Amino acid sequence: MDVTAKFKFIDTIHQRMNIRDMIRKDLMDISDTVHGGQAWKLNDVEDFSHNLNPLGPPECLAELISEAVSSVDHYPDDSSSELKEVLASHFKVNTENVIIGAGSSDVIRMFPNTFLSKGDKALIMRPSFAEYAQQCRVAGASIKELLLTEDNDLRVDANELSEKADGVKAVYICNPNNPTGRIEPKEKILRIVKECRDRKIFVFLDETLLELVPSHREISCSGEVKNFDNLVVIGSLTKSFAIPGMRIGFGLSSEDAVKAMDKVRMTWNVGCIEQHVASSLIRDHMGHVEKAADMMHNEAKHMHRELNDIGFEVKTTDSFFFFNSLKSIDMGVPEFKYKMLSEKIMIRDCSSFGPEFKDHIRFCVKDRRRNNAFIDAVKKTINGKVR
């Protein structure tokens, strides 16, 4: 190696070492989050690991996208003014109560980057959506956990929450909770919000999955953001309209909170096409979501009954997906997942939620044909007919 090449090699090594040294130390221990919805990478596999509208996107989607294509030759409306007006009308709030994100995950990032600092603490249920804790840690905050237990039917213990909330700046609640499927009643949520307001604690309420539940209007706290300045409610079109490839989400909160979060929002975070599609879907096509919600409500009962009849113990769900232990069939999750994949069915391995849930899986509800295919695959798996 000549002298010039040697110095270039050494310089490259120093650059790499310097880059690692410059990374924030509190980021080094943050691991990647794990999500379902990966069956699209495989051939002919039915994905029961996600929680999307089983009817798929509305038939009008391609037309809506086509209508908006002509607008891509200019920057999108940074304020998403039309979409804000549509959402404000839909949820009966003011436009000043609405912030738009590139999926609800964008708002999940905005919140801690606005309100949590190094040394602050957030109280998060476990198991629950992994992005909450990750984004809090990215902002420099630490996490306190409230473990959801089988003894309490995996529901939030309000008394324990009250005790654990000492010293925290934010409490995270997912309703329905992902992955457990449990739904907390509105009255219970509002009692928590009121107590947290008195203690100067934010409540970050994720209702992303709620619109696919038939009784969502009676459960949602979205309209309460006008009454509680410590409440942030988020949602998205990802699950409701089965369009995860289009990143459209939103947050609802007090005018002051929205103004503050807007300071950390990425400029032009939602494109022209997404804004047009979202405005049209929410304004004119919510019937597509309601149809799916009614169907899945009935299909969840069917799956519960049929799976238990074949010896696969399943608890009832409050929503449209099941969180279930495999203890009843004496089979580990990796083996069960592999055998179901051989039957062209993907389920969600829930071991990433902690050691207490290493024997748990999550699977969603679809239409009758696909649900019956899932039931048949489970029957073959537990009867040893799958190799």
# chains A, B, ... in the order shown; residues from 1 in each chain; ligands from 1
call {"tool": "select_by_dssp", "arguments": {"residues": "range 215-297 of chain A", "states": "strand (DSSP E)", "output": "number ranges by chain"}}
result
A: 231-236, 249-252
call {"tool": "write_last_selection", "arguments": {"atoms": "C-alpha atoms", "output": "PDB file, in the first residue's frame"}}
result
ATOM      1  CA  LEU A 231     -55.595  15.777  26.292  1.00  0.00           C
ATOM      2  CA  VAL A 232     -54.086  14.790  22.932  1.00  0.00           C
ATOM      3  CA  VAL A 233     -56.086  12.346  20.774  1.00  0.00           C
ATOM      4  CA  ILE A 234     -54.590  10.817  17.640  1.00  0.00           C
ATOM      5  CA  GLY A 235     -56.024   8.897  14.694  1.00  0.00           C
ATOM      6  CA  SER A 236     -55.199   7.961  11.130  1.00  0.00           C
ATOM      7  CA  GLY A 249     -52.642  10.822  10.351  1.00  0.00           C
ATOM      8  CA  PHE A 250     -53.842  13.571  12.662  1.00  0.00           C
ATOM      9  CA  GLY A 251     -53.856  14.805  16.215  1.00  0.00           C
ATOM     10  CA  LEU A 252     -56.589  16.649  18.119  1.00  0.00           C
TER      11      LEU A 252
END
call {"tool": "residues_around", "arguments": {"residues": "Glu313 in chain A", "least_positions_apart": "3", "cutoff": "10 Å", "atoms": "only C-alpha atoms", "output": "PyMOL selection string"}}
result
chain A and resi 304-310+316+324-329
call {"tool": "closest_residue", "arguments": {"among": "A:Met331, A:Leu154, A:Cys136, A:Ile124", "to": "Tyr172 in chain A", "atoms": "only C-alpha atoms"}}
result
A:Ile124
call {"tool": "closest_atom_pairs", "arguments": {"of": "range 210-327 of chain A", "to": "range 177-201 of chain A", "cutoff": "12 Å", "atoms": "only C-alpha atoms", "output": "Markdown table"}}
result
| residue | atom | partner | partner_atom | distance |
| --- | --- | --- | --- | --- |
| A:Leu210 | CA | A:Ile183 | CA | 8.7 |
| A:Leu212 | CA | A:Gly181 | CA | 11.7 |
| A:Val213 | CA | A:Ile183 | CA | 9.7 |
| A:Ser215 | CA | A:Pro185 | CA | 10.5 |
| A:His216 | CA | A:Lys186 | CA | 9.9 |
| A:Arg217 | CA | A:Lys186 | CA | 9.9 |
| A:Glu218 | CA | A:Lys186 | CA | 7.3 |
| A:Ile219 | CA | A:Lys186 | CA | 4.9 |
| A:Ser220 | CA | A:Lys186 | CA | 6.6 |
| A:Cys221 | CA | A:Lys186 | CA | 6.6 |
| A:Ser222 | CA | A:Lys186 | CA | 10.3 |
| A:Gly223 | CA | A:Lys186 | CA | 11.4 |
| A:Glu224 | CA | A:Leu190 | CA | 8.6 |
| A:Val225 | CA | A:Val193 | CA | 10.4 |
| A:Asn227 | CA | A:Lys194 | CA | 10.0 |
| A:Phe228 | CA | A:Arg197 | CA | 7.4 |
| A:Asp229 | CA | A:Arg197 | CA | 7.8 |
| A:Asn230 | CA | A:Arg197 | CA | 5.9 |
| A:Leu231 | CA | A:Val193 | CA | 6.9 |
| A:Val232 | CA | A:Val193 | CA | 10.1 |
| A:Val233 | CA | A:Val193 | CA | 11.5 |
| A:Ala300 | CA | A:Gly181 | CA | 11.4 |
| A:Lys315 | CA | A:Thr180 | CA | 10.5 |
| A:Thr316 | CA | A:Gly181 | CA | 9.4 |
| A:Thr317 | CA | A:Gly181 | CA | 6.0 |
| A:Asp318 | CA | A:Arg182 | CA | 5.4 |
| A:Ser319 | CA | A:Gly181 | CA | 5.5 |
| A:Phe320 | CA | A:Gly181 | CA | 7.2 |
| A:Phe321 | CA | A:Gly181 | CA | 5.9 |
| A:Phe322 | CA | A:Gly181 | CA | 6.3 |
| A:Phe323 | CA | A:Thr180 | CA | 5.0 |
| A:Asn324 | CA | A:Thr180 | CA | 8.2 |
| A:Ser325 | CA | A:Thr180 | CA | 11.0 |
call {"tool": "write_last_selection", "arguments": {"atoms": "N, CA and C atoms", "output": "compact mmCIF listing (two decimals), in the first residue's frame"}}
result
# COMPACT_ATOMS: atom_id res chain seq x y z
N LEU A 210 -59.99 2.85 16.68
CA LEU A 210 -61.33 2.91 17.25
C LEU A 210 -62.44 2.98 16.21
N LEU A 212 -62.96 1.41 13.63
CA LEU A 212 -63.36 0.10 13.14
C LEU A 212 -64.14 -0.69 14.19
N VAL A 213 -64.60 0.00 15.22
CA VAL A 213 -65.46 -0.58 16.25
C VAL A 213 -66.84 0.07 16.11
N SER A 215 -69.31 0.82 17.99
CA SER A 215 -69.75 1.78 19.01
C SER A 215 -68.74 2.91 19.22
N HIS A 216 -67.91 3.20 18.22
CA HIS A 216 -66.80 4.14 18.41
C HIS A 216 -67.27 5.54 18.79
N ARG A 217 -68.42 5.95 18.31
CA ARG A 217 -68.88 7.32 18.62
C ARG A 217 -69.14 7.50 20.11
N GLU A 218 -69.62 6.46 20.77
CA GLU A 218 -69.90 6.55 22.20
C GLU A 218 -68.63 6.43 23.04
N ILE A 219 -67.56 5.91 22.44
CA ILE A 219 -66.32 5.66 23.17
C ILE A 219 -65.30 6.78 22.98
N SER A 220 -65.29 7.37 21.81
CA SER A 220 -64.24 8.33 21.46
C SER A 220 -64.25 9.57 22.36
N CYS A 221 -63.05 10.01 22.70
CA CYS A 221 -62.87 11.24 23.47
C CYS A 221 -62.40 12.39 22.59
N SER A 222 -62.50 12.23 21.27
CA SER A 222 -61.96 13.23 20.34
C SER A 222 -62.56 14.62 20.57
N GLY A 223 -63.86 14.69 20.79
CA GLY A 223 -64.49 15.99 20.99
C GLY A 223 -64.16 16.65 22.31
N GLU A 224 -63.55 15.88 23.22
CA GLU A 224 -63.25 16.40 24.56
C GLU A 224 -61.99 17.28 24.59
N VAL A 225 -61.27 17.36 23.47
CA VAL A 225 -60.05 18.18 23.48
C VAL A 225 -60.38 19.66 23.67
N ASN A 227 -62.40 20.62 25.93
CA ASN A 227 -62.67 20.76 27.37
C ASN A 227 -61.47 20.47 28.26
N PHE A 228 -60.48 19.77 27.73
CA PHE A 228 -59.32 19.38 28.53
C PHE A 228 -58.04 19.76 27.79
N ASP A 229 -57.32 20.74 28.32
CA ASP A 229 -56.11 21.20 27.62
C ASP A 229 -54.94 20.26 27.80
N ASN A 230 -55.11 19.20 28.61
CA ASN A 230 -54.03 18.22 28.79
C ASN A 230 -54.24 16.96 27.96
N LEU A 231 -55.25 16.96 27.07
CA LEU A 231 -55.59 15.78 26.29
C LEU A 231 -55.15 15.92 24.84
N VAL A 232 -54.45 14.89 24.35
CA VAL A 232 -54.09 14.79 22.93
C VAL A 232 -54.65 13.47 22.42
N VAL A 233 -55.49 13.54 21.38
CA VAL A 233 -56.09 12.35 20.77
C VAL A 233 -55.55 12.21 19.36
N ALA A 300 -65.93 -11.56 14.62
CA ALA A 300 -65.15 -11.82 15.83
C ALA A 300 -65.86 -12.87 16.69
N LYS A 315 -59.88 -15.99 24.13
CA LYS A 315 -60.72 -15.11 24.94
C LYS A 315 -61.51 -14.19 24.01
N THR A 316 -62.61 -13.68 24.52
CA THR A 316 -63.37 -12.72 23.74
C THR A 316 -62.56 -11.44 23.56
N THR A 317 -62.85 -10.73 22.49
CA THR A 317 -62.17 -9.46 22.23
C THR A 317 -63.19 -8.34 22.26
N ASP A 318 -62.75 -7.16 22.68
CA ASP A 318 -63.62 -5.98 22.65
C ASP A 318 -63.67 -5.37 21.25
N SER A 319 -62.73 -5.77 20.39
CA SER A 319 -62.58 -5.08 19.11
C SER A 319 -62.56 -6.09 17.96
N PHE A 320 -61.59 -5.99 17.09
CA PHE A 320 -61.58 -6.81 15.88
C PHE A 320 -60.25 -7.55 15.70
N PHE A 321 -59.54 -7.75 16.81
CA PHE A 321 -58.33 -8.57 16.78
C PHE A 321 -58.16 -9.24 18.13
N PHE A 322 -57.49 -10.38 18.11
CA PHE A 322 -57.33 -11.21 19.29
C PHE A 322 -55.88 -11.21 19.77
N PHE A 323 -55.71 -11.21 21.07
CA PHE A 323 -54.40 -11.33 21.72
C PHE A 323 -54.49 -12.57 22.58
N ASN A 324 -53.70 -13.59 22.23
CA ASN A 324 -53.98 -14.90 22.82
C ASN A 324 -52.72 -15.67 23.17
N SER A 325 -52.78 -16.36 24.30
CA SER A 325 -51.69 -17.25 24.71
C SER A 325 -51.83 -18.60 24.00
call {"tool": "atom_distance", "arguments": {"atom1": "CA of Val270 in chain A", "atom2": "CA of Asp120 in chain A"}}
result
29.7 Å
call {"tool": "residues_around", "arguments": {"residues": "range 107-114 of chain A", "least_positions_apart": "4", "cutoff": "10 Å", "atoms": "only C-alpha atoms", "output": "number ranges by chain"}}
result
A: 99-103, 120, 122, 131-141, 169-170, 204, 206, 232-236, 249-252, 257-258, 260-266
call {"tool": "closest_residue", "arguments": {"among": "A:Met246, A:Ala158, A:Ala88, A:Cys60", "to": "Lys226 in chain A", "atoms": "only C-alpha atoms"}}
result
A:Ala88
call {"tool": "residues_around", "arguments": {"residues": "Val86 in chain A", "least_positions_apart": "3", "cutoff": "8 Å", "atoms": "only C-alpha atoms", "output": "list in words"}}
result
Glu82, Leu83, Ser89, His90, Ser279, Ile282 and Arg283 of chain A
call {"tool": "closest_residue", "arguments": {"among": "A:Pro54, A:Trp268, A:Cys174, A:Val156", "to": "Glu299 in chain A", "atoms": "only C-alpha atoms"}}
result
A:Pro54
call {"tool": "residues_around", "arguments": {"residues": "Asn43 in chain A", "least_positions_apart": "6", "cutoff": "12 Å", "atoms": "only C-alpha atoms", "output": "compact mmCIF listing (two decimals) with N, CA, C and O atoms, in the first residue's frame"}}
result
# COMPACT_ATOMS: atom_id res chain seq x y z
N LEU A 341 -47.56 -20.35 8.67
CA LEU A 341 -47.02 -19.84 7.41
C LEU A 341 -47.03 -20.91 6.33
O LEU A 341 -47.23 -20.62 5.15
N SER A 342 -46.81 -22.16 6.73
CA SER A 342 -46.85 -23.24 5.74
C SER A 342 -48.27 -23.43 5.20
O SER A 342 -48.46 -24.01 4.13
N GLU A 343 -49.26 -22.91 5.93
CA GLU A 343 -50.64 -22.91 5.48
C GLU A 343 -51.03 -21.55 4.86
O GLU A 343 -52.21 -21.25 4.67
N LYS A 344 -50.02 -20.73 4.58
CA LYS A 344 -50.21 -19.43 3.93
C LYS A 344 -50.96 -18.42 4.82
O LYS A 344 -51.74 -17.59 4.34
N ILE A 345 -50.70 -18.50 6.13
CA ILE A 345 -51.31 -17.58 7.08
C ILE A 345 -50.20 -16.97 7.94
O ILE A 345 -49.37 -17.69 8.49
N MET A 346 -50.18 -15.63 8.07
CA MET A 346 -49.21 -14.97 8.93
C MET A 346 -49.91 -14.41 10.17
O MET A 346 -50.94 -13.74 10.06
call {"tool": "closest_residue", "arguments": {"among": "A:Ile248, A:Leu42, A:Leu64, A:Val365", "to": "Ala292 in chain A", "atoms": "only C-alpha atoms"}}
result
A:Val365
call {"tool": "closest_residue", "arguments": {"among": "A:Ala242, A:Arg247, A:Lys118, A:Tyr338", "to": "Asp26 in chain A", "atoms": "only C-alpha atoms"}}
result
A:Lys118
call {"tool": "residues_around", "arguments": {"residues": "Leu146 in chain A", "least_positions_apart": "5", "cutoff": "12 Å", "atoms": "only C-alpha atoms", "output": "number ranges by chain"}}
result
A: 122-128, 154-165, 171-173
call {"tool": "write_last_selection", "arguments": {"atoms": "C-alpha atoms", "output": "compact mmCIF listing (two decimals), in the first residue's frame"}}
result
# COMPACT_ATOMS: atom_id res chain seq x y z
CA ALA A 122 -43.78 9.08 30.67
CA LEU A 123 -46.10 6.34 31.94
CA ILE A 124 -46.86 3.74 29.26
CA MET A 125 -48.92 0.55 29.45
CA ARG A 126 -47.26 -2.74 28.54
CA PRO A 127 -48.03 -4.38 26.24
CA SER A 128 -48.88 -1.45 23.99
CA LEU A 154 -55.49 -6.96 30.46
CA ARG A 155 -57.36 -3.76 31.31
CA VAL A 156 -56.00 -0.51 32.70
CA ASP A 157 -56.11 -0.42 36.49
CA ALA A 158 -57.04 3.21 37.17
CA ASN A 159 -55.93 3.03 40.80
CA GLU A 160 -52.52 1.63 39.89
CA LEU A 161 -52.22 4.23 37.13
CA SER A 162 -52.91 6.95 39.69
CA GLU A 163 -50.14 5.64 41.94
CA LYS A 164 -47.60 5.19 39.15
CA ALA A 165 -48.33 8.63 37.68
CA VAL A 171 -49.59 9.13 30.40
CA TYR A 172 -50.08 7.10 27.21
CA ILE A 173 -53.30 5.14 26.60
call {"tool": "select_by_dssp", "arguments": {"residues": "range 201-373 of chain A", "states": "helix (DSSP H, G or I)", "output": "ChimeraX atom specification"}}
result
/A:210-212,216-219,222-226,255-262,272-284,286-309,327-329,333-342,351-353,355-357,368-373
call {"tool": "residues_around", "arguments": {"residues": "Asn298 in chain A", "least_positions_apart": "2", "cutoff": "10 Å", "atoms": "only C-alpha atoms", "output": "PyMOL selection string"}}
result
chain A and resi 293-296+300-303+320+365+367-368
call {"tool": "write_last_selection", "arguments": {"atoms": "N, CA, C and O atoms", "output": "CSV table (one decimal), in the first residue's frame"}}
result
chain,number,residue,atom,x,y,z
A,293,ALA,N,-66.7,-2.3,10.1
A,293,ALA,CA,-66.8,-2.4,11.5
A,293,ALA,C,-68.0,-3.4,11.9
A,293,ALA,O,-67.8,-4.2,12.8
A,294,ASP,N,-69.1,-3.2,11.2
A,294,ASP,CA,-70.2,-4.1,11.5
A,294,ASP,C,-69.9,-5.6,11.2
A,294,ASP,O,-70.2,-6.5,11.9
A,295,MET,N,-69.3,-5.8,10.0
A,295,MET,CA,-68.9,-7.1,9.6
A,295,MET,C,-67.9,-7.8,10.6
A,295,MET,O,-68.1,-8.9,11.0
A,296,MET,N,-66.9,-7.0,11.0
A,296,MET,CA,-65.9,-7.6,11.9
A,296,MET,C,-66.4,-7.9,13.3
A,296,MET,O,-66.0,-8.8,14.0
A,300,ALA,N,-65.9,-11.6,14.6
A,300,ALA,CA,-65.1,-11.8,15.8
A,300,ALA,C,-65.9,-12.9,16.7
A,300,ALA,O,-65.2,-13.8,17.3
A,301,LYS,N,-67.2,-12.8,16.8
A,301,LYS,CA,-68.0,-13.8,17.5
A,301,LYS,C,-67.8,-15.2,16.8
A,301,LYS,O,-67.7,-16.2,17.5
A,302,HIS,N,-67.9,-15.2,15.5
A,302,HIS,CA,-67.7,-16.4,14.8
A,302,HIS,C,-66.4,-17.1,15.0
A,302,HIS,O,-66.3,-18.3,15.3
A,303,MET,N,-65.3,-16.3,14.9
A,303,MET,CA,-64.0,-16.8,15.2
A,303,MET,C,-63.8,-17.3,16.6
A,303,MET,O,-63.2,-18.4,16.8
A,320,PHE,N,-61.6,-6.0,17.1
A,320,PHE,CA,-61.6,-6.8,15.9
A,320,PHE,C,-60.3,-7.5,15.7
A,320,PHE,O,-59.9,-7.9,14.6
A,365,VAL,N,-59.3,-10.0,12.5
A,365,VAL,CA,-60.6,-10.5,12.0
A,365,VAL,C,-60.7,-10.0,10.6
A,365,VAL,O,-60.5,-8.8,10.3
A,367,ASP,N,-63.0,-11.2,6.6
A,367,ASP,CA,-64.3,-11.7,6.2
A,367,ASP,C,-64.5,-13.2,6.4
A,367,ASP,O,-63.5,-13.9,6.8
A,368,ARG,N,-65.7,-13.7,6.2
A,368,ARG,CA,-66.0,-15.1,6.6
A,368,ARG,C,-65.1,-16.1,5.8
A,368,ARG,O,-64.6,-17.1,6.4
call {"tool": "atom_distance", "arguments": {"atom1": "CA of Ser71 in chain A", "atom2": "CA of Gln275 in chain A"}}
result
10.8 Å
call {"tool": "atom_distance", "arguments": {"atom1": "CA of Ala278 in chain A", "atom2": "CA of Lys84 in chain A"}}
result
10.1 Å
